[in-house]
Amino acid sequence: MMNRRQLVIAGPAGLLLASTRTAFAQAHYPSRPVNIVVSFPPGGDTDALARVFAEKLSTRLGQPVVVDNKTGASGTIGNAFVAKAAPDGHTLLFTPNTMATAPLVLKPGTGAVYDPVKDFTPVFLAGTQSLFLVVNAATGIRSMKDFLAAVQAGKVANYATPGTGSPMHILGEMFNGAAGVKLAQVPYRGSGPAIVDLVAGHITAMYTTLGPVAQYLAKGQLVNIAVADPQRSPLQPAVPTLAEVGVKGVEVGAWQGFMGPRGMPDAVVKLLNGHLNEIIRMPDVAERMKALALIPAGGEPAALSRLVADHNSRFGKVIKEAGIVVE
């Protein structure tokens, strides 16, 4: 055990060593291009926002920052790729909270394996989003009453999501239980392909964030009938909550954030977190996030760490109780 004199000597030395390591990491990172993996295809808000951050980070880091879409198996392929990458900060994951739940609903062997809590280093919580139930306007559905009547009449039998195990999928199954219906999930490889089919009328309903469907709502091609938040969204104040229209106890939101492989150096995490906190305060980035219906978050990596653990635990319980397992 060190005595008081040794502590006095060791204290400043330890601080100096930590400071030296931070300075070294900041001076030598990145030493090559940085890849931001997005586990879903272009066309959704995750990919769109990742490209905004990539451009800004490239300028600040002095190296190319490239978005790499690695899709499939509800995002688990891209997520697992990052989990297994070298933890040096040159491979990052920009992801929605699907990463925290997708492994829980896939049968062994149907998706890539990773632990959402243990296999990643949280870097930055970019923003939070509300989830909505949106329908094709050509159906004539304009309210939850209309929607449930269409379900009872057999005119609506399923709903689209951007992937199995996504927050939208969890919301869909919770809605089924609370509303007493049995709509089947139709999973897509991201929001983009699902919205194409929704607008074309190949599918009637979809659980989604607002950004990817905003233009179609504005044109009257889609109708927004409910939000899965405790209160109405300030971005769509005329849209009632699920609780308001009689579907109680169903509240599911989404978030977007940066993760790295487990074991990333603290200095690199701190450097990236600092840049990203400054980037979301830039006026043009704030406008882009608003257009994507993202409420900026920011803060320390611990904020994202808490959300990953909470979603994995809370929705894991929902998945188990509802018996949500997908081949």
# chains A, B, ... in the order shown; residues from 1 in each chain; ligands from 1
call {"tool": "residues_around", "arguments": {"residues": "Asp119 in chain A", "least_positions_apart": "5", "cutoff": "9 Å", "atoms": "only C-alpha atoms", "output": "VMD selection string"}}
result
chain A and resid 80 83 to 84 114 260 to 263
call {"tool": "select_by_dssp", "arguments": {"residues": "range 104-317 of chain A", "states": "strand (DSSP E)", "output": "mmCIF file with all heavy atoms, in the first residue's frame"}}
result
data_model
loop_
_atom_site.group_PDB
_atom_site.id
_atom_site.type_symbol
_atom_site.label_atom_id
_atom_site.label_comp_id
_atom_site.auth_asym_id
_atom_site.auth_seq_id
_atom_site.Cartn_x
_atom_site.Cartn_y
_atom_site.Cartn_z
ATOM 1 N N PHE A 120 -19.728 -3.171 -27.431
ATOM 2 C CA PHE A 120 -19.559 -1.861 -28.065
ATOM 3 C C PHE A 120 -19.077 -0.817 -27.065
ATOM 4 O O PHE A 120 -19.284 -0.948 -25.852
ATOM 5 C CB PHE A 120 -20.878 -1.390 -28.684
ATOM 6 C CG PHE A 120 -21.367 -2.251 -29.807
ATOM 7 C CD1 PHE A 120 -22.181 -3.352 -29.560
ATOM 8 C CD2 PHE A 120 -21.005 -1.989 -31.122
ATOM 9 C CE1 PHE A 120 -22.629 -4.165 -30.587
ATOM 10 C CE2 PHE A 120 -21.446 -2.801 -32.162
ATOM 11 C CZ PHE A 120 -22.260 -3.890 -31.889
ATOM 12 N N THR A 121 -18.478 0.225 -27.611
ATOM 13 C CA THR A 121 -18.109 1.405 -26.830
ATOM 14 C C THR A 121 -19.026 2.544 -27.246
ATOM 15 O O THR A 121 -18.937 3.026 -28.379
ATOM 16 C CB THR A 121 -16.651 1.825 -27.101
ATOM 17 O OG1 THR A 121 -15.769 0.758 -26.734
ATOM 18 C CG2 THR A 121 -16.295 3.071 -26.303
ATOM 19 N N PRO A 122 -19.926 2.991 -26.375
ATOM 20 C CA PRO A 122 -20.777 4.142 -26.712
ATOM 21 C C PRO A 122 -19.918 5.387 -26.927
ATOM 22 O O PRO A 122 -18.984 5.644 -26.175
ATOM 23 C CB PRO A 122 -21.680 4.293 -25.482
ATOM 24 C CG PRO A 122 -21.662 2.945 -24.834
ATOM 25 C CD PRO A 122 -20.273 2.418 -25.066
ATOM 26 N N VAL A 123 -20.247 6.137 -27.970
ATOM 27 C CA VAL A 123 -19.483 7.343 -28.300
ATOM 28 C C VAL A 123 -20.332 8.607 -28.184
ATOM 29 O O VAL A 123 -19.926 9.580 -27.556
ATOM 30 C CB VAL A 123 -18.878 7.242 -29.717
ATOM 31 C CG1 VAL A 123 -18.176 8.549 -30.110
ATOM 32 C CG2 VAL A 123 -17.903 6.066 -29.798
ATOM 33 N N PHE A 124 -21.534 8.569 -28.776
ATOM 34 C CA PHE A 124 -22.305 9.817 -28.868
ATOM 35 C C PHE A 124 -23.764 9.543 -29.182
ATOM 36 O O PHE A 124 -24.075 8.804 -30.129
ATOM 37 C CB PHE A 124 -21.707 10.699 -29.966
ATOM 38 C CG PHE A 124 -22.405 12.011 -30.186
ATOM 39 C CD1 PHE A 124 -22.292 13.047 -29.281
ATOM 40 C CD2 PHE A 124 -23.179 12.211 -31.324
ATOM 41 C CE1 PHE A 124 -22.937 14.258 -29.493
ATOM 42 C CE2 PHE A 124 -23.822 13.409 -31.547
ATOM 43 C CZ PHE A 124 -23.700 14.447 -30.624
ATOM 44 N N LEU A 125 -24.658 10.122 -28.402
ATOM 45 C CA LEU A 125 -26.100 10.058 -28.674
ATOM 46 C C LEU A 125 -26.470 11.265 -29.528
ATOM 47 O O LEU A 125 -26.434 12.404 -29.057
ATOM 48 C CB LEU A 125 -26.888 10.057 -27.370
ATOM 49 C CG LEU A 125 -28.418 10.090 -27.498
ATOM 50 C CD1 LEU A 125 -28.917 8.850 -28.225
ATOM 51 C CD2 LEU A 125 -29.066 10.201 -26.117
ATOM 52 N N ALA A 126 -26.830 11.017 -30.787
ATOM 53 C CA ALA A 126 -27.105 12.113 -31.708
ATOM 54 C C ALA A 126 -28.474 12.745 -31.474
ATOM 55 O O ALA A 126 -28.602 13.972 -31.423
ATOM 56 C CB ALA A 126 -27.002 11.628 -33.156
ATOM 57 N N GLY A 127 -29.508 11.912 -31.366
ATOM 58 C CA GLY A 127 -30.836 12.484 -31.206
ATOM 59 C C GLY A 127 -31.887 11.426 -30.948
ATOM 60 O O GLY A 127 -31.630 10.226 -31.040
ATOM 61 N N THR A 128 -33.072 11.891 -30.614
ATOM 62 C CA THR A 128 -34.203 10.998 -30.354
ATOM 63 C C THR A 128 -35.324 11.290 -31.346
ATOM 64 O O THR A 128 -35.406 12.380 -31.912
ATOM 65 C CB THR A 128 -34.727 11.178 -28.917
ATOM 66 O OG1 THR A 128 -35.126 12.546 -28.730
ATOM 67 C CG2 THR A 128 -33.650 10.830 -27.905
ATOM 68 N N GLN A 129 -36.181 10.294 -31.545
ATOM 69 C CA GLN A 129 -37.256 10.411 -32.530
ATOM 70 C C GLN A 129 -38.537 9.782 -32.014
ATOM 71 O O GLN A 129 -38.506 8.836 -31.227
ATOM 72 C CB GLN A 129 -36.854 9.697 -33.829
ATOM 73 C CG GLN A 129 -35.656 10.296 -34.538
ATOM 74 C CD GLN A 129 -35.161 9.389 -35.640
ATOM 75 O OE1 GLN A 129 -34.580 8.342 -35.378
ATOM 76 N NE2 GLN A 129 -35.378 9.787 -36.885
ATOM 77 N N SER A 130 -39.654 10.299 -32.499
ATOM 78 C CA SER A 130 -40.956 9.702 -32.214
ATOM 79 C C SER A 130 -41.290 8.696 -33.298
ATOM 80 O O SER A 130 -40.824 8.795 -34.437
ATOM 81 C CB SER A 130 -42.039 10.787 -32.173
ATOM 82 O OG SER A 130 -41.793 11.716 -31.142
ATOM 83 N N PHE A 132 -44.465 6.793 -35.426
ATOM 84 C CA PHE A 132 -45.840 7.045 -35.849
ATOM 85 C C PHE A 132 -46.411 5.837 -36.588
ATOM 86 O O PHE A 132 -45.674 5.048 -37.183
ATOM 87 C CB PHE A 132 -45.890 8.251 -36.790
ATOM 88 C CG PHE A 132 -45.453 9.542 -36.161
ATOM 89 C CD1 PHE A 132 -44.109 9.901 -36.137
ATOM 90 C CD2 PHE A 132 -46.387 10.408 -35.614
ATOM 91 C CE1 PHE A 132 -43.697 11.104 -35.565
ATOM 92 C CE2 PHE A 132 -45.995 11.609 -35.041
ATOM 93 C CZ PHE A 132 -44.653 11.953 -35.014
ATOM 94 N N LEU A 133 -47.743 5.738 -36.566
ATOM 95 C CA LEU A 133 -48.448 4.776 -37.408
ATOM 96 C C LEU A 133 -48.975 5.542 -38.614
ATOM 97 O O LEU A 133 -49.800 6.451 -38.485
ATOM 98 C CB LEU A 133 -49.610 4.133 -36.643
ATOM 99 C CG LEU A 133 -50.536 3.208 -37.468
ATOM 100 C CD1 LEU A 133 -49.747 2.095 -38.144
ATOM 101 C CD2 LEU A 133 -51.628 2.628 -36.578
ATOM 102 N N VAL A 134 -48.467 5.193 -39.789
ATOM 103 C CA VAL A 134 -48.786 5.900 -41.035
ATOM 104 C C VAL A 134 -49.451 4.927 -41.997
ATOM 105 O O VAL A 134 -49.072 3.751 -42.079
ATOM 106 C CB VAL A 134 -47.493 6.483 -41.655
ATOM 107 C CG1 VAL A 134 -47.772 7.123 -42.990
ATOM 108 C CG2 VAL A 134 -46.868 7.492 -40.705
ATOM 109 N N VAL A 135 -50.453 5.414 -42.740
ATOM 110 C CA VAL A 135 -51.162 4.559 -43.699
ATOM 111 C C VAL A 135 -51.204 5.224 -45.067
ATOM 112 O O VAL A 135 -51.040 6.440 -45.196
ATOM 113 C CB VAL A 135 -52.608 4.255 -43.237
ATOM 114 C CG1 VAL A 135 -52.606 3.505 -41.914
ATOM 115 C CG2 VAL A 135 -53.422 5.540 -43.122
ATOM 116 N N ASN A 136 -51.431 4.407 -46.081
ATOM 117 C CA ASN A 136 -51.592 4.921 -47.443
ATOM 118 C C ASN A 136 -52.931 5.664 -47.547
ATOM 119 O O ASN A 136 -53.971 5.131 -47.157
ATOM 120 C CB ASN A 136 -51.550 3.756 -48.448
ATOM 121 C CG ASN A 136 -51.572 4.227 -49.882
ATOM 122 O OD1 ASN A 136 -52.544 4.816 -50.331
ATOM 123 N ND2 ASN A 136 -50.501 3.968 -50.601
ATOM 124 N N ASN A 158 -51.521 -6.569 -42.321
ATOM 125 C CA ASN A 158 -50.119 -6.534 -41.930
ATOM 126 C C ASN A 158 -49.615 -5.101 -41.818
ATOM 127 O O ASN A 158 -50.346 -4.142 -42.071
ATOM 128 C CB ASN A 158 -49.262 -7.326 -42.933
ATOM 129 C CG ASN A 158 -49.597 -6.968 -44.374
ATOM 130 O OD1 ASN A 158 -49.857 -5.818 -44.690
ATOM 131 N ND2 ASN A 158 -49.609 -7.967 -45.256
ATOM 132 N N TYR A 159 -48.360 -4.963 -41.435
ATOM 133 C CA TYR A 159 -47.725 -3.646 -41.318
ATOM 134 C C TYR A 159 -46.252 -3.774 -41.678
ATOM 135 O O TYR A 159 -45.635 -4.823 -41.475
ATOM 136 C CB TYR A 159 -47.876 -3.087 -39.897
ATOM 137 C CG TYR A 159 -47.185 -3.907 -38.820
ATOM 138 C CD1 TYR A 159 -45.861 -3.650 -38.445
ATOM 139 C CD2 TYR A 159 -47.854 -4.935 -38.161
ATOM 140 C CE1 TYR A 159 -45.235 -4.394 -37.459
ATOM 141 C CE2 TYR A 159 -47.238 -5.683 -37.176
ATOM 142 C CZ TYR A 159 -45.918 -5.414 -36.826
ATOM 143 O OH TYR A 159 -45.290 -6.164 -35.851
ATOM 144 N N ALA A 160 -45.703 -2.712 -42.220
ATOM 145 C CA ALA A 160 -44.296 -2.703 -42.617
ATOM 146 C C ALA A 160 -43.424 -2.142 -41.507
ATOM 147 O O ALA A 160 -43.848 -1.271 -40.747
ATOM 148 C CB ALA A 160 -44.123 -1.866 -43.883
ATOM 149 N N THR A 161 -42.201 -2.657 -41.432
ATOM 150 C CA THR A 161 -41.185 -2.093 -40.542
ATOM 151 C C THR A 161 -39.857 -2.071 -41.293
ATOM 152 O O THR A 161 -39.690 -2.779 -42.293
ATOM 153 C CB THR A 161 -40.995 -2.926 -39.258
ATOM 154 O OG1 THR A 161 -40.249 -4.120 -39.581
ATOM 155 C CG2 THR A 161 -42.321 -3.290 -38.621
ATOM 156 N N ALA A 184 -49.727 -8.902 -39.066
ATOM 157 C CA ALA A 184 -48.436 -9.555 -39.283
ATOM 158 C C ALA A 184 -47.394 -8.526 -39.703
ATOM 159 O O ALA A 184 -47.672 -7.633 -40.502
ATOM 160 C CB ALA A 184 -48.566 -10.630 -40.353
ATOM 161 N N GLN A 185 -46.196 -8.665 -39.175
ATOM 162 C CA GLN A 185 -45.101 -7.793 -39.577
ATOM 163 C C GLN A 185 -44.568 -8.183 -40.953
ATOM 164 O O GLN A 185 -44.398 -9.357 -41.253
ATOM 165 C CB GLN A 185 -43.935 -7.871 -38.574
ATOM 166 C CG GLN A 185 -42.816 -6.894 -38.929
ATOM 167 C CD GLN A 185 -41.419 -7.362 -38.545
ATOM 168 O OE1 GLN A 185 -40.498 -6.578 -38.502
ATOM 169 N NE2 GLN A 185 -41.241 -8.646 -38.272
ATOM 170 N N VAL A 186 -44.294 -7.179 -41.786
ATOM 171 C CA VAL A 186 -43.588 -7.392 -43.051
ATOM 172 C C VAL A 186 -42.272 -6.621 -42.943
ATOM 173 O O VAL A 186 -42.244 -5.397 -43.099
ATOM 174 C CB VAL A 186 -44.404 -6.889 -44.260
ATOM 175 C CG1 VAL A 186 -43.628 -7.123 -45.554
ATOM 176 C CG2 VAL A 186 -45.758 -7.580 -44.322
ATOM 177 N N PRO A 187 -41.177 -7.304 -42.618
ATOM 178 C CA PRO A 187 -39.899 -6.607 -42.430
ATOM 179 C C PRO A 187 -39.209 -6.287 -43.750
ATOM 180 O O PRO A 187 -39.198 -7.107 -44.665
ATOM 181 C CB PRO A 187 -39.078 -7.609 -41.618
ATOM 182 C CG PRO A 187 -39.615 -8.946 -42.038
ATOM 183 C CD PRO A 187 -41.078 -8.737 -42.336
ATOM 184 N N ALA A 205 -49.989 -0.139 -44.166
ATOM 185 C CA ALA A 205 -49.614 0.581 -42.945
ATOM 186 C C ALA A 205 -48.146 0.372 -42.614
ATOM 187 O O ALA A 205 -47.533 -0.628 -43.012
ATOM 188 C CB ALA A 205 -50.487 0.119 -41.783
ATOM 189 N N MET A 206 -47.592 1.323 -41.860
ATOM 190 C CA MET A 206 -46.184 1.225 -41.477
ATOM 191 C C MET A 206 -45.950 1.979 -40.180
ATOM 192 O O MET A 206 -46.507 3.056 -39.955
ATOM 193 C CB MET A 206 -45.293 1.810 -42.579
ATOM 194 C CG MET A 206 -43.805 1.783 -42.267
ATOM 195 S SD MET A 206 -42.831 2.439 -43.645
ATOM 196 C CE MET A 206 -41.174 2.301 -42.954
ATOM 197 N N TYR A 207 -45.123 1.416 -39.315
ATOM 198 C CA TYR A 207 -44.628 2.134 -38.140
ATOM 199 C C TYR A 207 -43.289 2.735 -38.534
ATOM 200 O O TYR A 207 -42.405 2.031 -39.030
ATOM 201 C CB TYR A 207 -44.465 1.183 -36.953
ATOM 202 C CG TYR A 207 -45.782 0.617 -36.462
ATOM 203 C CD1 TYR A 207 -46.167 -0.684 -36.772
ATOM 204 C CD2 TYR A 207 -46.655 1.399 -35.699
ATOM 205 C CE1 TYR A 207 -47.379 -1.195 -36.337
ATOM 206 C CE2 TYR A 207 -47.866 0.889 -35.260
ATOM 207 C CZ TYR A 207 -48.221 -0.403 -35.582
ATOM 208 O OH TYR A 207 -49.427 -0.912 -35.147
ATOM 209 N N THR A 208 -43.128 4.044 -38.313
ATOM 210 C CA THR A 208 -41.959 4.728 -38.850
ATOM 211 C C THR A 208 -41.643 6.003 -38.085
ATOM 212 O O THR A 208 -42.501 6.553 -37.388
ATOM 213 C CB THR A 208 -42.198 5.080 -40.343
ATOM 214 O OG1 THR A 208 -41.063 5.798 -40.863
ATOM 215 C CG2 THR A 208 -43.432 5.957 -40.505
ATOM 216 N N LEU A 222 -49.744 9.937 -47.896
ATOM 217 C CA LEU A 222 -49.802 9.144 -46.671
ATOM 218 C C LEU A 222 -50.547 9.925 -45.603
ATOM 219 O O LEU A 222 -50.618 11.156 -45.657
ATOM 220 C CB LEU A 222 -48.390 8.806 -46.167
ATOM 221 C CG LEU A 222 -47.476 7.997 -47.101
ATOM 222 C CD1 LEU A 222 -46.119 7.787 -46.452
ATOM 223 C CD2 LEU A 222 -48.106 6.663 -47.485
ATOM 224 N N VAL A 223 -51.089 9.208 -44.621
ATOM 225 C CA VAL A 223 -51.815 9.829 -43.509
ATOM 226 C C VAL A 223 -51.215 9.341 -42.191
ATOM 227 O O VAL A 223 -50.990 8.139 -42.012
ATOM 228 C CB VAL A 223 -53.317 9.468 -43.553
ATOM 229 C CG1 VAL A 223 -54.044 10.073 -42.352
ATOM 230 C CG2 VAL A 223 -53.936 9.946 -44.852
ATOM 231 N N ASN A 224 -50.958 10.272 -41.299
ATOM 232 C CA ASN A 224 -50.380 9.978 -39.988
ATOM 233 C C ASN A 224 -51.521 9.880 -38.982
ATOM 234 O O ASN A 224 -52.235 10.866 -38.751
ATOM 235 C CB ASN A 224 -49.434 11.124 -39.605
ATOM 236 C CG ASN A 224 -48.403 10.705 -38.591
ATOM 237 O OD1 ASN A 224 -48.550 9.686 -37.933
ATOM 238 N ND2 ASN A 224 -47.357 11.499 -38.461
ATOM 239 N N ILE A 225 -51.732 8.711 -38.380
ATOM 240 C CA ILE A 225 -52.918 8.569 -37.528
ATOM 241 C C ILE A 225 -52.638 8.475 -36.027
ATOM 242 O O ILE A 225 -53.565 8.635 -35.230
ATOM 243 C CB ILE A 225 -53.802 7.385 -37.971
ATOM 244 C CG1 ILE A 225 -53.070 6.056 -37.836
ATOM 245 C CG2 ILE A 225 -54.295 7.594 -39.390
ATOM 246 C CD1 ILE A 225 -53.981 4.860 -38.134
ATOM 247 N N ALA A 226 -51.377 8.222 -35.626
ATOM 248 C CA ALA A 226 -51.093 8.174 -34.182
ATOM 249 C C ALA A 226 -49.596 8.210 -33.929
ATOM 250 O O ALA A 226 -48.799 7.791 -34.774
ATOM 251 C CB ALA A 226 -51.702 6.926 -33.552
ATOM 252 N N VAL A 227 -49.210 8.705 -32.743
ATOM 253 C CA VAL A 227 -47.816 8.725 -32.321
ATOM 254 C C VAL A 227 -47.680 7.901 -31.046
ATOM 255 O O VAL A 227 -48.554 7.922 -30.180
ATOM 256 C CB VAL A 227 -47.316 10.172 -32.099
ATOM 257 C CG1 VAL A 227 -48.092 10.867 -30.981
ATOM 258 C CG2 VAL A 227 -45.817 10.192 -31.781
ATOM 259 N N GLY A 253 -40.149 4.783 -28.438
ATOM 260 C CA GLY A 253 -39.463 5.821 -29.197
ATOM 261 C C GLY A 253 -38.215 5.269 -29.868
ATOM 262 O O GLY A 253 -37.917 4.071 -29.785
ATOM 263 N N ALA A 254 -37.500 6.125 -30.543
ATOM 264 C CA ALA A 254 -36.276 5.714 -31.230
ATOM 265 C C ALA A 254 -35.161 6.698 -30.940
ATOM 266 O O ALA A 254 -35.402 7.828 -30.509
ATOM 267 C CB ALA A 254 -36.522 5.626 -32.738
ATOM 268 N N TRP A 255 -33.929 6.262 -31.161
ATOM 269 C CA TRP A 255 -32.776 7.154 -31.051
ATOM 270 C C TRP A 255 -31.729 6.764 -32.093
ATOM 271 O O TRP A 255 -31.796 5.691 -32.688
ATOM 272 C CB TRP A 255 -32.176 7.148 -29.650
ATOM 273 C CG TRP A 255 -31.928 5.811 -29.000
ATOM 274 C CD1 TRP A 255 -32.685 5.224 -28.028
ATOM 275 C CD2 TRP A 255 -30.839 4.898 -29.253
ATOM 276 N NE1 TRP A 255 -32.143 4.004 -27.674
ATOM 277 C CE2 TRP A 255 -31.008 3.782 -28.395
ATOM 278 C CE3 TRP A 255 -29.747 4.919 -30.117
ATOM 279 C CZ2 TRP A 255 -30.125 2.696 -28.382
ATOM 280 C CZ3 TRP A 255 -28.858 3.834 -30.108
ATOM 281 C CH2 TRP A 255 -29.054 2.742 -29.252
ATOM 282 N N GLN A 256 -30.800 7.666 -32.325
ATOM 283 C CA GLN A 256 -29.695 7.428 -33.251
ATOM 284 C C GLN A 256 -28.398 7.764 -32.537
ATOM 285 O O GLN A 256 -28.319 8.777 -31.831
ATOM 286 C CB GLN A 256 -29.820 8.333 -34.489
ATOM 287 C CG GLN A 256 -31.139 8.232 -35.228
ATOM 288 C CD GLN A 256 -31.183 7.101 -36.232
ATOM 289 O OE1 GLN A 256 -30.201 6.386 -36.444
ATOM 290 N NE2 GLN A 256 -32.332 6.914 -36.862
ATOM 291 N N GLY A 257 -27.383 6.927 -32.696
ATOM 292 C CA GLY A 257 -26.134 7.216 -32.002
ATOM 293 C C GLY A 257 -24.927 6.534 -32.622
ATOM 294 O O GLY A 257 -25.046 5.643 -33.467
ATOM 295 N N PHE A 258 -23.761 6.988 -32.181
ATOM 296 C CA PHE A 258 -22.478 6.435 -32.624
ATOM 297 C C PHE A 258 -21.937 5.463 -31.596
ATOM 298 O O PHE A 258 -21.889 5.761 -30.398
ATOM 299 C CB PHE A 258 -21.443 7.556 -32.811
ATOM 300 C CG PHE A 258 -21.509 8.259 -34.134
ATOM 301 C CD1 PHE A 258 -22.238 9.434 -34.263
ATOM 302 C CD2 PHE A 258 -20.849 7.758 -35.246
ATOM 303 C CE1 PHE A 258 -22.308 10.092 -35.483
ATOM 304 C CE2 PHE A 258 -20.907 8.410 -36.468
ATOM 305 C CZ PHE A 258 -21.630 9.581 -36.591
ATOM 306 N N MET A 259 -21.520 4.289 -32.095
ATOM 307 C CA MET A 259 -20.877 3.277 -31.271
ATOM 308 C C MET A 259 -19.561 2.882 -31.925
ATOM 309 O O MET A 259 -19.377 3.037 -33.135
ATOM 310 C CB MET A 259 -21.754 2.025 -31.140
ATOM 311 C CG MET A 259 -23.217 2.268 -30.843
ATOM 312 S SD MET A 259 -23.523 2.689 -29.135
ATOM 313 C CE MET A 259 -23.254 1.097 -28.348
ATOM 314 N N GLY A 260 -18.660 2.350 -31.113
ATOM 315 C CA GLY A 260 -17.439 1.763 -31.634
ATOM 316 C C GLY A 260 -17.268 0.376 -31.050
ATOM 317 O O GLY A 260 -18.047 -0.037 -30.184
ATOM 318 N N PRO A 261 -16.274 -0.365 -31.500
ATOM 319 C CA PRO A 261 -16.014 -1.677 -30.909
ATOM 320 C C PRO A 261 -15.633 -1.541 -29.433
ATOM 321 O O PRO A 261 -15.130 -0.494 -29.006
ATOM 322 C CB PRO A 261 -14.825 -2.211 -31.721
ATOM 323 C CG PRO A 261 -14.789 -1.385 -32.962
ATOM 324 C CD PRO A 261 -15.316 -0.039 -32.575
ATOM 325 N N ILE A 295 -34.736 15.137 -32.637
ATOM 326 C CA ILE A 295 -34.497 16.130 -31.594
ATOM 327 C C ILE A 295 -33.068 15.936 -31.117
ATOM 328 O O ILE A 295 -32.729 14.878 -30.569
ATOM 329 C CB ILE A 295 -35.485 15.964 -30.437
ATOM 330 C CG1 ILE A 295 -36.916 16.181 -30.940
ATOM 331 C CG2 ILE A 295 -35.159 16.944 -29.310
ATOM 332 C CD1 ILE A 295 -37.983 15.891 -29.917
ATOM 333 N N PRO A 296 -32.160 16.919 -31.328
ATOM 334 C CA PRO A 296 -30.754 16.747 -30.954
ATOM 335 C C PRO A 296 -30.597 16.402 -29.479
ATOM 336 O O PRO A 296 -31.308 16.914 -28.626
ATOM 337 C CB PRO A 296 -30.140 18.115 -31.277
ATOM 338 C CG PRO A 296 -31.036 18.692 -32.330
ATOM 339 C CD PRO A 296 -32.413 18.228 -31.963
#
call {"tool": "residues_around", "arguments": {"residues": "Phe315 in chain A", "least_positions_apart": "3", "cutoff": "12 Å", "atoms": "only C-alpha atoms", "output": "number ranges by chain"}}
result
A: 97-105, 165-171, 173-174, 250-253, 307-312, 318-324
call {"tool": "atom_distance", "arguments": {"atom1": "CA of Val199 in chain A", "atom2": "CA of Gln221 in chain A"}}
result
6.6 Å
call {"tool": "select_by_dssp", "arguments": {"residues": "range 78-301 of chain A", "states": "alpha helix (DSSP H)", "output": "JSON, numbers by chain"}}
result
{"A": [78, 79, 80, 81, 82, 83, 102, 103, 104, 105, 144, 145, 146, 147, 148, 149, 150, 151, 152, 167, 168, 169, 170, 171, 172, 173, 174, 175, 176, 177, 178, 179, 191, 192, 193, 194, 195, 196, 197, 198, 199, 200, 214, 215, 216, 217, 218, 266, 267, 268, 269, 270, 271, 272, 273, 274, 275, 276, 277, 278, 279, 283, 284, 285, 286, 287, 288, 289, 290, 291, 301]}
call {"tool": "closest_residue", "arguments": {"among": "A:Glu278, A:Lys317, A:Gln215, A:Phe53", "to": "Ala291 in chain A", "atoms": "only C-alpha atoms"}}
result
A:Gln215
call {"tool": "residues_around", "arguments": {"residues": "Val196 in chain A", "least_positions_apart": "2", "cutoff": "12 Å", "atoms": "only C-alpha atoms", "output": "MDAnalysis selection string"}}
result
chainID A and resid 43:44 136 160 162 188:194 198:204 206 212:213 216 221:222
call {"tool": "closest_residue", "arguments": {"among": "A:Ala178, A:Ala149, A:Val82, A:Ala302", "to": "Asn273 in chain A", "atoms": "only C-alpha atoms"}}
result
A:Ala302
call {"tool": "closest_residue", "arguments": {"among": "A:Leu271, A:Ala157, A:Gly220, A:Met289", "to": "Arg142 in chain A", "atoms": "only C-alpha atoms"}}
result
A:Gly220
call {"tool": "closest_residue", "arguments": {"among": "A:Ala73, A:Val245, A:Ala86, A:Val66", "to": "Leu148 in chain A", "atoms": "only C-alpha atoms"}}
result
A:Val245
